[in-house]
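Asks: Provided herewith is a single structure, encoded as structure tokens, for subsequent inquiry.
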Amino acid sequence: SHMAPTNQPQPEDIGAIITELWNSSKKLLEDYQKKETGVPESTDYSLRIQTLLPCFTSDSQPPSNINSSTFLPYFKAIKPLLNNSEVQEIIEQLDKLKLQNASETEVSVPTDTFECKRFILTILRQFSECLERVKSLNSGA
Amino acid sequence: SEPLPLTPESLKVSINSTQQCLHLQWSVHSLAYHQELKMVFQIEISRFNTSNVIWVENYSTTVKWKQVLHWNWESELPLECATHFVRIRSMVDNARIPEPRSWSSWSSWEEVDERNSLGHGALFVFPKDKLVEEGSSVTICSISRSYQNNVSCLLEGVQMRGEQLDPNVSAFHLNNVPFIRETGTNIFCTTGRGDGTGTVLFVSKVLEEPRDFSCETPDFKTLHCTWDPGSDTGLPKRQPSQSYTLFESFSGKKILCEHKNWCNWQVAQDSQEMYNFTLTTENYLRKRGVNILFNLTHRVRPMTPFNVVFKNISDTNATMTWQVHSIGNYSTLFCQIELHGEGKVIQQHNVSIKVNGNYLLSELEPDTQYMAQVRCGDANHFWKWSEWIGKNFSTLEAAPSEA
């Protein structure tokens with residue numbers, strides 16, 4: 001069923017939110033890569049997360065087609081593991097784009113410490129790449 | 001004829017993987033009821049196969065009837081990475097039995113293997129999330145399921161040189177490991193086919209002995225102890241910051257300090273004059289202590305004087321008065337007064353007081369702004385000055401000279 005967002009931000013506001021998210025996601029990824037040297041992404045999580053976290057929703061047009069509802073629970077799950085204020089900013093921006101009564105998936109974080117770092121890195125990478133594509137789409141829209 | 005050597009029996013070996021420890025227990029059944037015998041036990045430990053002996057140690061102890069004996073061994077290699085074999089023999093260590101004394105026969109080899117608990121997976125790395133102190137040595141090991149994998153391991157992204165212990169197991173010896181970050185040092189291993197797994201080595205700063213540990217009292221009711229803690233050895237979710245406890249040996253009292261660089265100790269009403277304090281700091285890996293012995297009356301640091309007032313101000317004089325907090329019945333305070341003019345100390349005076357203080361400042365310039373400040377110390381056994389307290393004042397204009 002098509003869930004119409006009730007008080008979804010205006011297209012021009014969405015553009016500003018996307019730019020904010022793009023900056024935050026890039027900084028967060030760079031900070032984490034610089035801090036956690038020697039942690040490679042995990043091919044398993046990449047594939048799984050790509051399927052679980054499609055960048056775009058199928059039923060809306062740019063710029064409001066970013067799939068914030070599915071990225072949001074992942075950022076909420078990794079927030080306590082990252083001592084970085086950017087995460088809270090991303091959560092707040094994603095919240096603005098979220099479909100009002102979209103259900104929030106339960107995210108389980110790996111218990112193994114090293115795997116947990118790989119999981120975090122993979123999410124940050126996927127989200128940053130997604131924002132790149134959204135931004136390029138928006139600038140073309 | 002020489003008595004039959006008493007053979008160790010019922011040897012049991014258990015594993016503590018986190019501590020990388022083997023725990024042995026055994027007994028000597030053929031000991032008589034009243035007998036108490038000094039014995040030497042020789043323990044052999046082999047790795048991968050019984051002929052590859054890696055440790056031999058003699059353990060001397062006195063054995064009683066039906067006593068269960070215990071002995072621990074810490075492995076530098078994570079125990080998950082190799083099968084270990086243990087055996088033991090004994091010899092009576094009794095002067096009445098002439099040399100050469102003979103060993104008993106060996107017990108049978110006891111095998112200990114953690115690898116069957118590994119679960120499925122192509123590659124494993126151990127230890128998992130080990131906590132060590134900066135500067136220590138650590139052995140990392142990888143186990144690959146099949147022989148053909150040429151496993152390579154990287155420390156913080158840099159290839160490590162490994163030692164092949166057996167076709168499936170490689171060991172990587174790290175010496176003098178540095179502290180890199182609170183979230184741990186990253187170690188990642190891969191097989192030739194892209195499978196990869198990793199572990200995190202949590203390196204804690206070395207717990208330092210507290211420096212400049214000292215205590216003082218402002219009022220004979222509370223002792224205020226301070227120290228320099230050095231580095232904080234806490235690691236989020238892995239090791240809390242080190243704890244500090246104060247123990248006083250004459251009273252036998254101990255308190256856990258809430259702060260990492262100071263602690264207050266309540267002085268009991270009729271308590272002793274001499275104090276013997278031990279400040280102990282502890283984390284998961286180490287414990288350190290420092291000790292001081294002092295006489296309470298020699299550690300008085302008065303509270304800052306208060307209520308500074310200037311009276312009878314004229315063109316060249318002013319009387320400075322101040323109040324002090326009571327210390328004890330017989331305490332005399334020694335106070336120092338400084339007069340500042342144009343940013344410089346222009347007069348300095350000392351005075352002994354019992355209760356409140358006052359001092360006549362003279363030879364002042366008319367119509368001039370000054371700042372005067374006072375601090376006090378214990379006159380009986382000087383330890384430290386209190387803080388300064390000061391105030392501005394101005395002298396009056398000179399009275400017109402008689403025409």
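A note on labels: chains of the structure tokens are A, B, ... as shown, every chain counts residues from 1, and ligands are counted from 1 in their shown order.
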Can you check which parts of chain A lie within 10 Å of chain B? Per residue, the shortest pair of atoms and distance in Å to one decimal, counting only C-alpha atoms, sorted by chain and number, as CSV.
Replies:
residue,atom,partner,partner_atom,distance
A:Lys35,CA,B:Arg181,CA,8.2
A:Glu36,CA,B:Asn186,CA,7.5
A:Thr37,CA,B:Glu156,CA,5.3
A:Gly38,CA,B:Gly157,CA,3.9
A:Val39,CA,B:Asn186,CA,6.5
A:Pro40,CA,B:Phe188,CA,8.1
A:Ser42,CA,B:Gly196,CA,8.3
A:Thr43,CA,B:Asp195,CA,9.1
A:Asp44,CA,B:Asp195,CA,9.9
A:Leu81,CA,B:Thr183,CA,9.7
A:Leu82,CA,B:Thr183,CA,9.9
A:Asp112,CA,B:Thr199,CA,8.1
A:Thr113,CA,B:Val200,CA,6.6
A:Phe114,CA,B:Thr199,CA,5.2
A:Glu115,CA,B:Gly198,CA,7.3
A:Lys117,CA,B:Asn186,CA,9.4
A:Arg118,CA,B:Gly198,CA,9.5
Asks: Excluding region 384-386 of chain B and any residue of its chain fewer than 2 positions from it, enumerate the residues within 12 Å of it, using only C-alpha atoms, and give them as number ranges by chain.
Replies: B: 214-218, 298-306, 324-325, 333-337, 373-382, 388-389
Asks: Got a sec: who's within 10 Å of region 26-33 of chain A, counting only C-alpha atoms, leaving out chain neighbours fewer than 4 positions off, as a PyMOL selection string?
Replies: chain A and resi 21-22+37-40+82+84-87+90+117+120-129+131-132
Asks: Residues near Glu80 (chain B), anyone? I mean within 7 Å using only C-alpha atoms, not counting same-chain ones fewer than 2 positions away, as a PDB file with C-alpha atoms, in the first residue's frame.
Replies:
ATOM      1  CA  PRO B  78      46.092 -19.113  22.556  1.00  0.00           C
ATOM      2  CA  ALA B  82      46.825 -26.228  19.310  1.00  0.00           C
ATOM      3  CA  GLU B 114      39.863 -26.675  22.182  1.00  0.00           C
ATOM      4  CA  ARG B 115      39.714 -26.863  18.413  1.00  0.00           C
TER       5      ARG B 115
END
Asks: So how many Å separate CA of Pro400 (chain B) and CA of Lys311 (chain B), to one decimal?
Replies: 22.1 Å
Asks: Interatomic distance between CA of Cys81 (chain B) and CA of Ser17 (chain B)?
Replies: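 So the answer is 10.4 Å.
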Asks: Within region 62-275 of chain B, find each residue whose DSSP state, derived from the backbone, is strand (DSSP E or B), and express the selection as a PyMOL selection string.
Replies: chain B and resi 62-64+68-74+84-92+110-112+123-126+131-133+138-144+152-155+158-159+163-166+169-174+185-190+196-204+211-217+222-228+235+239+243-248+253-257+262-266+274-275
Asks: Just want the 10 Å neighbourhood of Val53 (chain B), counted on only C-alpha atoms, with same-chain residues fewer than 4 positions away dropped. Output as a list in words.
Replies: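 So the residues in contact are Glu44, Ile45, Ser46, Arg47, Phe48, Asn49, His84, Phe85 and Val86 of chain B.
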Asks: Selection from above, N, CA, C and O atoms, as an mmCIF file, in the first residue's frame, can you write it?
Replies:
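Dumped to selection_11.cif:
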data_model
loop_
_atom_site.group_PDB
_atom_site.id
_atom_site.type_symbol
_atom_site.label_atom_id
_atom_site.label_comp_id
_atom_site.auth_asym_id
_atom_site.auth_seq_id
_atom_site.Cartn_x
_atom_site.Cartn_y
_atom_site.Cartn_z
ATOM 1 N N GLU B 44 55.411 -32.270 32.200
ATOM 2 C CA GLU B 44 55.806 -32.059 30.790
ATOM 3 C C GLU B 44 54.576 -31.644 29.988
ATOM 4 O O GLU B 44 53.485 -32.225 30.176
ATOM 5 N N ILE B 45 54.761 -30.658 29.122
ATOM 6 C CA ILE B 45 53.653 -30.215 28.261
ATOM 7 C C ILE B 45 54.125 -30.284 26.814
ATOM 8 O O ILE B 45 55.213 -29.777 26.490
ATOM 9 N N SER B 46 53.333 -30.933 25.966
ATOM 10 C CA SER B 46 53.667 -31.020 24.537
ATOM 11 C C SER B 46 52.566 -30.340 23.740
ATOM 12 O O SER B 46 51.446 -30.160 24.221
ATOM 13 N N ARG B 47 52.933 -29.998 22.507
ATOM 14 C CA ARG B 47 51.966 -29.266 21.642
ATOM 15 C C ARG B 47 51.898 -29.950 20.295
ATOM 16 O O ARG B 47 52.927 -30.351 19.752
ATOM 17 N N PHE B 48 50.713 -30.094 19.768
ATOM 18 C CA PHE B 48 50.421 -30.745 18.484
ATOM 19 C C PHE B 48 50.626 -32.261 18.555
ATOM 20 O O PHE B 48 49.786 -33.013 18.087
ATOM 21 N N ASN B 49 51.750 -32.715 19.091
ATOM 22 C CA ASN B 49 51.910 -34.173 19.291
ATOM 23 C C ASN B 49 52.828 -34.382 20.492
ATOM 24 O O ASN B 49 53.548 -33.468 20.902
ATOM 25 N N HIS B 84 47.038 -29.718 23.201
ATOM 26 C CA HIS B 84 48.118 -29.817 24.188
ATOM 27 C C HIS B 84 48.031 -31.167 24.893
ATOM 28 O O HIS B 84 46.947 -31.732 25.038
ATOM 29 N N PHE B 85 49.212 -31.685 25.290
ATOM 30 C CA PHE B 85 49.283 -32.964 25.988
ATOM 31 C C PHE B 85 50.085 -32.749 27.280
ATOM 32 O O PHE B 85 51.101 -32.029 27.254
ATOM 33 N N VAL B 86 49.619 -33.344 28.383
ATOM 34 C CA VAL B 86 50.269 -33.130 29.676
ATOM 35 C C VAL B 86 50.504 -34.485 30.349
ATOM 36 O O VAL B 86 49.641 -35.366 30.292
#
Asks: Using only C-alpha atoms, which residues sit within 9 Å of region 107-113 of chain B once same-chain residues fewer than 6 positions away are excluded, as a list in words?
Replies: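 Contacts, in chain order: Thr7, Pro8, Glu9, Ser10, Leu11, Lys12, Val13, Ser14, Ile15, Leu22, Thr50, Leu79, Glu80, Cys81, Ala82, Thr83, His84, Phe85, Val86, Arg87, Ile88 and Arg89 of chain B.
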Asks: Could you find all residues in region 79-120 of chain A that DSSP calls helix (DSSP H, G or I) from the backbone, and write them as a PyMOL selection string?
Replies: chain A and resi 79-81+85-97+113-120
Asks: Between CA of Glu12 (chain A) and CA of Leu94 (chain A), what distance in Å does the model show, to one decimal?
Replies: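 For CA of Glu12 (chain A) relative to CA of Leu94 (chain A), the distance reads 15.5 Å.
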Asks: Closest to Thr19 (chain A) among A:Ser136, A:Asp95, A:Ser69, A:Val107, using only C-alpha atoms?
Replies: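 Using only C-alpha atoms, the shortest distance to Thr19 (chain A) belongs to A:Ser136.
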Asks: I'd like the neighbourhood of Trp262 (chain B) as number ranges by chain, where a residue qualifies if any of its atoms comes within 9 Å (using only C-alpha atoms), though same-chain residues fewer than 4 positions away should be ignored.
Replies: B: 224-228, 257-258
Asks: For Glu92 (chain A), which of A:Thr105, A:Thr111, A:Ser139, A:Ser68 is the closest residue, counting only C-alpha atoms?
Replies: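 Distance minimum relative to Glu92 (chain A) lands on A:Ser68.
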